[in-house]
file coords_2.txt (compact mmCIF, C-alpha atoms)
# COMPACT_ATOMS: atom_id res chain seq x y z
CA MET A 1 -4.74 -41.71 -38.31
CA ALA A 2 -4.00 -38.07 -37.50
CA THR A 3 -6.50 -36.08 -35.45
CA PRO A 4 -8.44 -33.69 -37.74
CA ARG A 5 -7.29 -30.10 -37.31
CA PRO A 6 -9.87 -27.72 -35.87
CA THR A 7 -11.18 -25.03 -38.17
CA LEU A 8 -11.04 -21.34 -37.33
CA ALA A 9 -14.84 -21.31 -37.26
CA GLN A 10 -14.88 -24.05 -34.62
CA LEU A 11 -12.35 -22.17 -32.49
CA GLN A 12 -14.37 -18.96 -32.83
CA CYS A 13 -17.53 -20.77 -31.71
CA PHE A 14 -15.73 -22.37 -28.76
CA ILE A 15 -14.33 -19.00 -27.61
CA ALA A 16 -17.69 -17.26 -28.05
CA VAL A 17 -19.46 -19.84 -25.86
CA CYS A 18 -16.73 -19.66 -23.20
CA ASP A 19 -16.81 -15.86 -23.09
CA SER A 20 -20.61 -15.73 -22.93
CA GLY A 21 -21.06 -18.55 -20.43
CA SER A 22 -23.88 -20.20 -22.35
CA PHE A 23 -24.88 -21.19 -25.87
CA ASN A 24 -27.89 -18.90 -25.65
CA GLU A 25 -25.82 -15.82 -24.79
CA ALA A 26 -23.21 -16.71 -27.39
CA ALA A 27 -25.92 -16.98 -30.05
CA ALA A 28 -27.22 -13.53 -29.10
CA SER A 29 -23.76 -11.94 -29.19
CA THR A 30 -22.57 -13.55 -32.42
CA GLY A 31 -25.81 -13.67 -34.42
CA MET A 32 -25.31 -17.41 -34.97
CA SER A 33 -27.89 -20.04 -34.10
CA GLN A 34 -27.50 -22.13 -30.96
CA SER A 35 -27.54 -25.28 -33.06
CA THR A 36 -24.62 -24.03 -35.17
CA LEU A 37 -22.59 -23.17 -32.08
CA SER A 38 -23.45 -26.47 -30.39
CA GLU A 39 -22.54 -28.52 -33.45
CA ALA A 40 -19.21 -26.71 -33.86
CA VAL A 41 -18.18 -27.34 -30.25
CA LYS A 42 -19.39 -30.96 -30.33
CA THR A 43 -17.36 -31.60 -33.49
CA LEU A 44 -14.32 -30.04 -31.86
CA GLU A 45 -14.73 -32.27 -28.80
CA LYS A 46 -15.23 -35.34 -30.98
CA HIS A 47 -12.04 -34.67 -32.94
CA LEU A 48 -10.06 -34.12 -29.75
CA GLY A 49 -11.61 -37.06 -27.95
CA VAL A 50 -12.18 -35.08 -24.72
CA PRO A 51 -15.02 -32.84 -23.43
CA LEU A 52 -14.17 -29.15 -23.35
CA LEU A 53 -17.31 -27.93 -21.59
CA HIS A 54 -19.54 -28.98 -18.71
CA ARG A 55 -23.12 -28.29 -19.78
CA ASN A 56 -25.93 -27.63 -17.31
CA ARG A 57 -29.13 -25.63 -17.04
CA GLN A 58 -27.27 -22.55 -15.81
CA GLY A 59 -24.92 -22.53 -18.80
CA VAL A 60 -21.45 -23.95 -19.38
CA THR A 61 -18.16 -24.19 -17.50
CA LEU A 62 -14.78 -25.28 -18.74
CA THR A 63 -13.38 -28.73 -18.11
CA THR A 64 -9.71 -28.97 -17.17
CA ALA A 65 -8.87 -29.76 -20.80
CA GLY A 66 -11.14 -26.93 -21.96
CA ALA A 67 -9.34 -24.39 -19.76
CA ARG A 68 -6.01 -25.40 -21.30
CA ALA A 69 -7.45 -25.40 -24.82
CA LEU A 70 -9.08 -21.97 -24.48
CA GLU A 71 -5.75 -20.20 -24.03
CA HIS A 72 -4.39 -21.80 -27.20
CA ALA A 73 -7.59 -21.18 -29.14
CA ARG A 74 -7.27 -17.46 -28.43
CA ALA A 75 -3.60 -17.53 -29.43
CA ALA A 76 -4.42 -19.35 -32.68
CA LEU A 77 -7.00 -16.79 -33.76
CA LEU A 78 -4.70 -13.94 -32.81
CA ALA A 79 -1.87 -15.53 -34.80
CA VAL A 80 -4.07 -15.67 -37.90
CA GLU A 81 -4.98 -12.00 -37.46
CA ASP A 82 -1.33 -11.10 -36.95
CA PHE A 83 -0.35 -13.06 -40.06
CA THR A 84 -2.59 -10.75 -42.10
CA GLN A 85 -1.38 -7.61 -40.32
CA SER A 86 2.28 -8.53 -40.77
CA ALA A 87 1.98 -8.20 -44.55
CA LEU A 88 0.65 -4.62 -44.47
CA ASN A 89 2.64 -1.80 -45.98
CA PRO A 90 3.73 0.49 -43.10
CA GLY A 91 2.95 3.49 -45.27
CA GLU A 92 -0.65 2.42 -45.93
CA LEU A 93 -1.87 1.13 -42.62
CA THR A 94 -5.49 0.11 -42.11
CA GLY A 95 -7.46 -1.66 -39.40
CA THR A 96 -7.69 -0.89 -35.68
CA VAL A 97 -5.09 -0.72 -32.92
CA ARG A 98 -6.60 -1.23 -29.46
CA ILE A 99 -4.81 0.47 -26.58
CA VAL A 100 -5.66 -0.39 -22.98
CA SER A 101 -4.53 2.49 -20.84
CA LEU A 102 -4.62 3.99 -17.40
CA ARG A 103 -7.14 6.83 -17.59
CA SER A 104 -4.51 9.35 -16.54
CA ALA A 105 -2.09 8.18 -19.22
CA ALA A 106 -4.80 8.25 -21.89
CA ALA A 107 -5.65 11.83 -20.98
CA ARG A 108 -2.10 13.19 -20.72
CA ILE A 109 0.01 11.07 -23.08
CA LEU A 110 -2.19 9.94 -25.98
CA PRO A 111 -3.97 13.05 -27.40
CA GLU A 112 -0.85 14.39 -29.16
CA VAL A 113 -0.11 10.92 -30.56
CA LEU A 114 -3.67 10.41 -31.81
CA LEU A 115 -3.60 13.75 -33.61
CA LYS A 116 -0.41 12.83 -35.47
CA LEU A 117 -1.70 9.34 -36.30
CA ARG A 118 -4.89 10.83 -37.74
CA HIS A 119 -2.79 13.04 -39.99
CA ASP A 120 -0.17 10.47 -41.07
CA HIS A 121 -2.36 7.33 -41.18
CA PRO A 122 -5.99 8.39 -41.71
CA ASN A 123 -7.12 4.81 -42.43
CA LEU A 124 -5.75 3.43 -39.17
CA LYS A 125 -8.25 3.55 -36.31
CA ILE A 126 -7.26 3.76 -32.66
CA HIS A 127 -9.57 2.37 -29.99
CA ILE A 128 -8.79 3.42 -26.41
CA MET A 129 -9.95 1.25 -23.51
CA GLU A 130 -9.58 2.91 -20.12
CA ASN A 131 -8.48 0.65 -17.29
CA GLU A 132 -7.92 2.41 -13.98
CA SER A 133 -9.74 0.37 -11.35
CA GLN A 134 -8.43 -3.11 -12.21
CA VAL A 135 -4.85 -2.75 -13.39
CA ALA A 136 -4.21 -6.51 -13.66
CA ALA A 137 -7.10 -6.77 -16.12
CA GLY A 138 -5.19 -4.58 -18.58
CA GLU A 139 -2.31 -7.05 -18.76
CA THR A 140 -4.78 -9.92 -19.18
CA MET A 141 -6.35 -8.11 -22.15
CA LEU A 142 -2.93 -7.96 -23.82
CA LEU A 143 -2.23 -11.63 -23.11
CA GLN A 144 -5.60 -12.71 -24.50
CA GLY A 145 -5.42 -10.54 -27.61
CA GLU A 146 -8.26 -8.25 -26.48
CA ALA A 147 -5.86 -5.29 -26.63
CA ASP A 148 -2.81 -4.66 -28.79
CA LEU A 149 -0.83 -2.13 -26.73
CA GLY A 150 -0.92 -1.09 -23.10
CA LEU A 151 -0.02 2.01 -21.10
CA LEU A 152 0.08 0.39 -17.67
CA PRO A 153 2.18 0.34 -14.48
CA HIS A 154 5.74 -0.85 -15.11
CA PRO A 155 7.11 -3.44 -14.59
CA PRO A 156 4.34 -5.85 -15.65
CA SER A 157 3.53 -8.95 -13.64
CA HIS A 158 3.17 -11.09 -16.80
CA PRO A 159 5.62 -11.91 -19.65
CA LEU A 160 5.05 -8.71 -21.63
CA LEU A 161 7.57 -6.53 -23.41
CA SER A 162 7.47 -3.23 -21.49
CA ARG A 163 9.44 -0.04 -21.96
CA PRO A 164 9.17 2.62 -19.24
CA ILE A 165 8.05 5.91 -20.78
CA TYR A 166 6.78 8.11 -17.95
CA GLN A 167 7.34 8.68 -14.25
CA ASP A 168 5.27 10.75 -11.86
CA GLU A 169 5.30 11.29 -8.11
CA TRP A 170 2.79 10.01 -5.62
CA VAL A 171 0.98 12.84 -3.84
CA ALA A 172 -1.36 13.23 -0.89
CA VAL A 173 -4.64 15.00 -1.70
CA TYR A 174 -6.65 16.44 1.17
CA SER A 175 -9.27 19.02 2.10
CA ARG A 176 -8.08 22.62 2.00
CA ASN A 177 -9.83 23.05 5.37
CA ARG A 178 -7.88 20.22 6.99
CA LYS A 179 -6.36 21.45 10.26
CA HIS A 180 -3.26 19.26 10.33
CA LYS A 181 -1.92 19.04 6.79
CA PRO A 182 0.51 16.22 6.03
CA ARG A 183 4.03 17.52 5.63
CA THR A 184 6.22 15.03 7.54
CA TRP A 185 5.90 11.29 8.16
CA ALA A 186 4.84 12.09 11.72
CA ASP A 187 1.77 13.83 10.28
CA TYR A 188 0.78 10.47 8.73
CA HIS A 189 0.38 8.67 12.06
CA HIS A 190 -3.14 7.32 12.78
CA GLN A 191 -4.57 8.81 9.59
CA THR A 192 -7.16 7.37 7.16
CA PHE A 193 -5.81 6.95 3.64
CA LEU A 194 -8.02 6.47 0.59
CA MET A 195 -6.66 4.46 -2.35
CA ASN A 196 -7.75 2.80 -5.56
CA GLY A 197 -8.33 -0.87 -4.73
CA GLY A 198 -7.74 -2.02 -8.28
CA ALA A 199 -3.97 -2.08 -7.84
CA PRO A 200 -3.17 -4.35 -4.86
CA GLY A 201 0.52 -4.28 -5.71
CA THR A 202 0.55 -0.51 -5.33
CA ILE A 203 -1.26 -0.65 -2.01
CA GLN A 204 1.31 -3.15 -0.77
CA GLN A 205 4.05 -0.75 -1.90
CA ILE A 206 2.45 2.10 0.08
CA ARG A 207 2.16 -0.12 3.18
CA GLN A 208 5.85 -0.96 2.84
CA VAL A 209 6.78 2.73 2.57
CA PHE A 210 4.72 3.48 5.68
CA ALA A 211 6.47 0.67 7.56
CA GLU A 212 9.92 1.88 6.48
CA HIS A 213 9.17 5.37 7.82
CA GLY A 214 7.50 4.22 11.03
CA VAL A 215 4.01 5.49 10.19
CA GLN A 216 1.84 4.34 13.08
CA SER A 217 -1.57 2.66 12.58
CA PRO A 218 -2.36 3.82 9.04
CA ASP A 219 -5.95 2.97 8.04
CA ILE A 220 -5.99 2.30 4.28
CA GLN A 221 -9.48 2.18 2.78
CA GLU A 222 -9.98 0.97 -0.79
CA PHE A 223 -12.40 2.26 -3.45
CA GLN A 224 -12.76 1.54 -7.15
CA ASP A 225 -13.14 5.05 -8.56
CA ASP A 226 -10.80 8.02 -8.18
CA THR A 227 -13.73 10.45 -8.19
CA VAL A 228 -15.05 8.73 -5.05
CA LEU A 229 -11.63 9.04 -3.41
CA LEU A 230 -11.49 12.77 -4.09
CA ALA A 231 -15.08 13.32 -2.94
CA MET A 232 -14.26 11.60 0.35
CA SER A 233 -11.19 13.79 0.81
CA GLU A 234 -13.21 16.88 -0.08
CA HIS A 235 -15.33 16.15 3.00
CA ASP A 236 -12.16 15.59 5.06
CA LEU A 237 -12.87 11.87 5.51
CA GLY A 238 -9.30 10.92 4.72
CA ILE A 239 -6.21 11.62 2.65
CA THR A 240 -6.26 10.38 -0.94
CA LEU A 241 -3.00 8.92 -2.26
CA LEU A 242 -2.64 9.14 -6.04
CA PRO A 243 0.08 9.50 -8.68
CA GLN A 244 0.22 13.15 -9.70
CA LEU A 245 -0.71 12.35 -13.30
CA ALA A 246 -4.03 10.95 -12.04
CA VAL A 247 -4.89 14.03 -9.97
CA GLY A 248 -5.88 16.30 -12.86
CA HIS A 249 -7.63 19.59 -12.12
CA LEU A 250 -8.65 19.80 -8.48
CA PRO A 251 -11.57 21.86 -7.15
CA ASP A 252 -10.71 24.79 -4.90
CA THR A 253 -11.79 22.71 -1.89
CA LEU A 254 -8.82 20.35 -2.33
CA GLU A 255 -5.05 20.72 -2.38
CA TYR A 256 -2.14 18.30 -2.56
CA ALA A 257 1.47 17.86 -1.49
CA THR A 258 4.17 15.40 -2.45
CA LEU A 259 5.02 12.69 0.05
CA PRO A 260 7.75 13.51 2.60
CA ASP A 261 10.11 11.29 0.56
CA THR A 262 9.78 10.92 -3.19
CA LEU A 263 7.83 7.87 -4.36
CA LEU A 264 7.55 7.39 -8.12
CA ARG A 265 5.09 5.52 -10.32
CA THR A 266 6.39 4.28 -13.66
CA ILE A 267 4.15 3.82 -16.69
CA GLY A 268 5.27 1.36 -19.34
CA LEU A 269 4.40 0.89 -23.01
CA MET A 270 3.52 -2.82 -23.22
CA VAL A 271 3.00 -5.39 -25.95
CA LEU A 272 3.18 -9.15 -26.36
CA PRO A 273 6.76 -9.88 -27.50
CA ARG A 274 5.69 -11.86 -30.55
CA ARG A 275 3.46 -8.98 -31.73
CA SER A 276 5.97 -6.17 -31.32
CA SER A 277 7.10 -6.33 -34.96
CA LEU A 278 3.64 -5.86 -36.51
CA PRO A 279 3.74 -2.76 -38.77
CA ALA A 280 0.73 -1.00 -37.24
CA LEU A 281 1.95 -1.57 -33.68
CA GLN A 282 5.47 -0.50 -34.63
CA VAL A 283 4.14 2.80 -35.98
CA VAL A 284 1.95 3.55 -32.95
CA MET A 285 4.66 2.56 -30.45
CA GLY A 286 7.18 4.70 -32.34
CA MET A 287 4.95 7.74 -32.17
CA ILE A 288 4.29 7.28 -28.44
CA LEU A 289 8.01 6.98 -27.73
CA GLN A 290 8.80 9.96 -29.97
CA ALA A 291 6.19 12.09 -28.19
CA GLN A 292 7.66 11.21 -24.79
CA ASP A 293 11.22 11.91 -25.98
CA SER A 294 10.06 15.33 -27.21
CA ARG A 295 8.62 16.14 -23.79
CA LYS A 296 11.89 15.23 -22.08
CA ALA A 297 14.00 17.31 -24.48
call {"tool": "encode", "arguments": {"input": "coords_2.txt", "output": "C-alpha cells"}}
result
Amino acid sequence: MATPRPTLAQLQCFIAVCDSGSFNEAAASTGMSQSTLSEAVKTLEKHLGVPLLHRNRQGVTLTTAGARALEHARAALLAVEDFTQSALNPGELTGTVRIVSLRSAAARILPEVLLKLRHDHPNLKIHIMENESQVAAGETMLLQGEADLGLLPHPPSHPLLSRPIYQDEWVAVYSRNRKHKPRTWADYHHQTFLMNGGAPGTIQQIRQVFAEHGVQSPDIQEFQDDTVLLAMSEHDLGITLLPQLAVGHLPDTLEYATLPDTLLRTIGLMVLPRRSSLPALQVVMGMILQAQDSRKA
C-alpha cells in the first residue's frame, strides 16, 4: 500500500513549528491552535513512519529525518506558489516580489527600477529586505524561498543563477585629522582596520591582498554595522575598509582614498535557476538589467 501523500496544510504546519521552535510559538504566529498544529505534524509522522521532531519542555528540535524533510517541505510549498505565478499574464502582474539586497545596492540601484515598476505594473508589489551584516543569510533566503531575487556579492557560494551587474572599488575611510594618511601599502603596516564581520569571505580576501603586498601586522577588527565602523574611524580608532558604493555621504570629519592597487567588489543579480522563468521575476530582473545597461551607456 502506497504511503499517503502529505497535504499542503500538513507541510505548512510542520514548517511553522520548525521555524518557531515550539508549538506554542507557532500557534501564536499562525493564529492556529496548538492542537491543530500538533495533530497535523503527528499525522505527517505517522504517514511517513518516522519522527520528524524531538519534543521537550523547551520546545522542539529536528530529528535527522526531519532536517532532510524540512528542506523538501519548503521546496514543495514554493513549487506550488510558483505553479500559480507561472500562469500569470506578464502584462497584468500581481502579487509581491521579495528582493534581498545589500543596503548599498538597494539605495543606489533599486530606486529607479521601483519607480518604473510602479508605473508599468501598479498591481505588483516589491518588498525590499536589506541584508548587509550577514551576507550568507541573503543566499539562504533565496534557497529557502524567503526571497525571490537577490542583489548580493558575486559569485554566490550556493547553486544560484547570478549575473554580475555592478562593480565598485574598495576604499579606505579615515579621519580627516589623521596624521599619516594611507596612500601606499607601506602606510598600511601595523594599522588597525575596521570591517563588516558579516562577510567572512571578503575579510579573507582583504587578508590575502595584504599578504600579497607585504602589509605587516594588520589588525582587522570586525563589527556588524557600517555606521559603527565609520564612527570608530571618525574618532581615529582605525581605518574602515568598505566598497565605495557602501560609503554614501560622509561627514566632513571623514575622507577616503582608493586602495594603492585596485580591488573590486562585484554585485550580482541572483535567483534560483528553476524560478528564473517566472513572469514577475523576469520583468523585475529585466528592468534591473536595463537600468544598469543605461548607466553604462
call {"tool": "closest_residue", "arguments": {"input": "coords_2.txt", "among": "A:Asn123, A:Thr202, A:Thr253, A:Thr258", "to": "Leu93 in chain A", "atoms": "all atoms listed in the file"}}
result
A:Asn123
call {"tool": "closest_residue", "arguments": {"input": "coords_2.txt", "among": "A:Thr192, A:Thr140, A:Gln292, A:Thr61", "to": "Glu112 in chain A", "atoms": "all atoms listed in the file"}}
result
A:Gln292
call {"tool": "atom_distance", "arguments": {"input": "coords_2.txt", "atom1": "CA of Gln282 in chain A", "atom2": "CA of Lys296 in chain A"}}
result
21.1 Å
call {"tool": "closest_residue", "arguments": {"input": "coords_2.txt", "among": "A:Val41, A:Val50, A:Leu289, A:Val271", "to": "Ala147 in chain A", "atoms": "all atoms listed in the file"}}
result
A:Val271
call {"tool": "residues_near_point", "arguments": {"input": "coords_2.txt", "point": "(-8.5, 7.8, -4.5)", "cutoff": "8 Å", "atoms": "only C-alpha atoms", "output": "VMD selection string"}}
result
chain A and resid 194 to 196 222 to 223 225 to 230 240 to 242
call {"tool": "residues_around", "arguments": {"input": "coords_2.txt", "residues": "Gly248 in chain A", "least_positions_apart": "6", "cutoff": "12 Å", "atoms": "all atoms listed in the file", "output": "list in words"}}
result
Arg103, Ser104, Ala105, Ala107, Arg108, Val171, Val173, Asp226, Thr227, Leu230, Leu242, Leu254, Glu255 and Tyr256 of chain A
call {"tool": "closest_residue", "arguments": {"input": "coords_2.txt", "among": "A:Ala257, A:Ala65, A:Val113, A:Ala73", "to": "Pro182 in chain A", "atoms": "only C-alpha atoms"}}
result
A:Ala257
call {"tool": "residues_around", "arguments": {"input": "coords_2.txt", "residues": "range 18-32 of chain A", "least_positions_apart": "4", "cutoff": "10 Å", "atoms": "only C-alpha atoms", "output": "ChimeraX atom specification"}}
result
/A:12-14,36-38,52-53,55-62,66-67,70
call {"tool": "write_last_selection", "arguments": {"input": "coords_2.txt", "atoms": "C-alpha atoms", "output": "PDB file, in the coordinates of the input"}}
result
ATOM      1  CA  GLN A  12     -14.370 -18.960 -32.830  1.00  0.00           C
ATOM      2  CA  CYS A  13     -17.530 -20.770 -31.710  1.00  0.00           C
ATOM      3  CA  PHE A  14     -15.730 -22.370 -28.760  1.00  0.00           C
ATOM      4  CA  THR A  36     -24.620 -24.030 -35.170  1.00  0.00           C
ATOM      5  CA  LEU A  37     -22.590 -23.170 -32.080  1.00  0.00           C
ATOM      6  CA  SER A  38     -23.450 -26.470 -30.390  1.00  0.00           C
ATOM      7  CA  LEU A  52     -14.170 -29.150 -23.350  1.00  0.00           C
ATOM      8  CA  LEU A  53     -17.310 -27.930 -21.590  1.00  0.00           C
ATOM      9  CA  ARG A  55     -23.120 -28.290 -19.780  1.00  0.00           C
ATOM     10  CA  ASN A  56     -25.930 -27.630 -17.310  1.00  0.00           C
ATOM     11  CA  ARG A  57     -29.130 -25.630 -17.040  1.00  0.00           C
ATOM     12  CA  GLN A  58     -27.270 -22.550 -15.810  1.00  0.00           C
ATOM     13  CA  GLY A  59     -24.920 -22.530 -18.800  1.00  0.00           C
ATOM     14  CA  VAL A  60     -21.450 -23.950 -19.380  1.00  0.00           C
ATOM     15  CA  THR A  61     -18.160 -24.190 -17.500  1.00  0.00           C
ATOM     16  CA  LEU A  62     -14.780 -25.280 -18.740  1.00  0.00           C
ATOM     17  CA  GLY A  66     -11.140 -26.930 -21.960  1.00  0.00           C
ATOM     18  CA  ALA A  67      -9.340 -24.390 -19.760  1.00  0.00           C
ATOM     19  CA  LEU A  70      -9.080 -21.970 -24.480  1.00  0.00           C
TER      20      LEU A  70
END
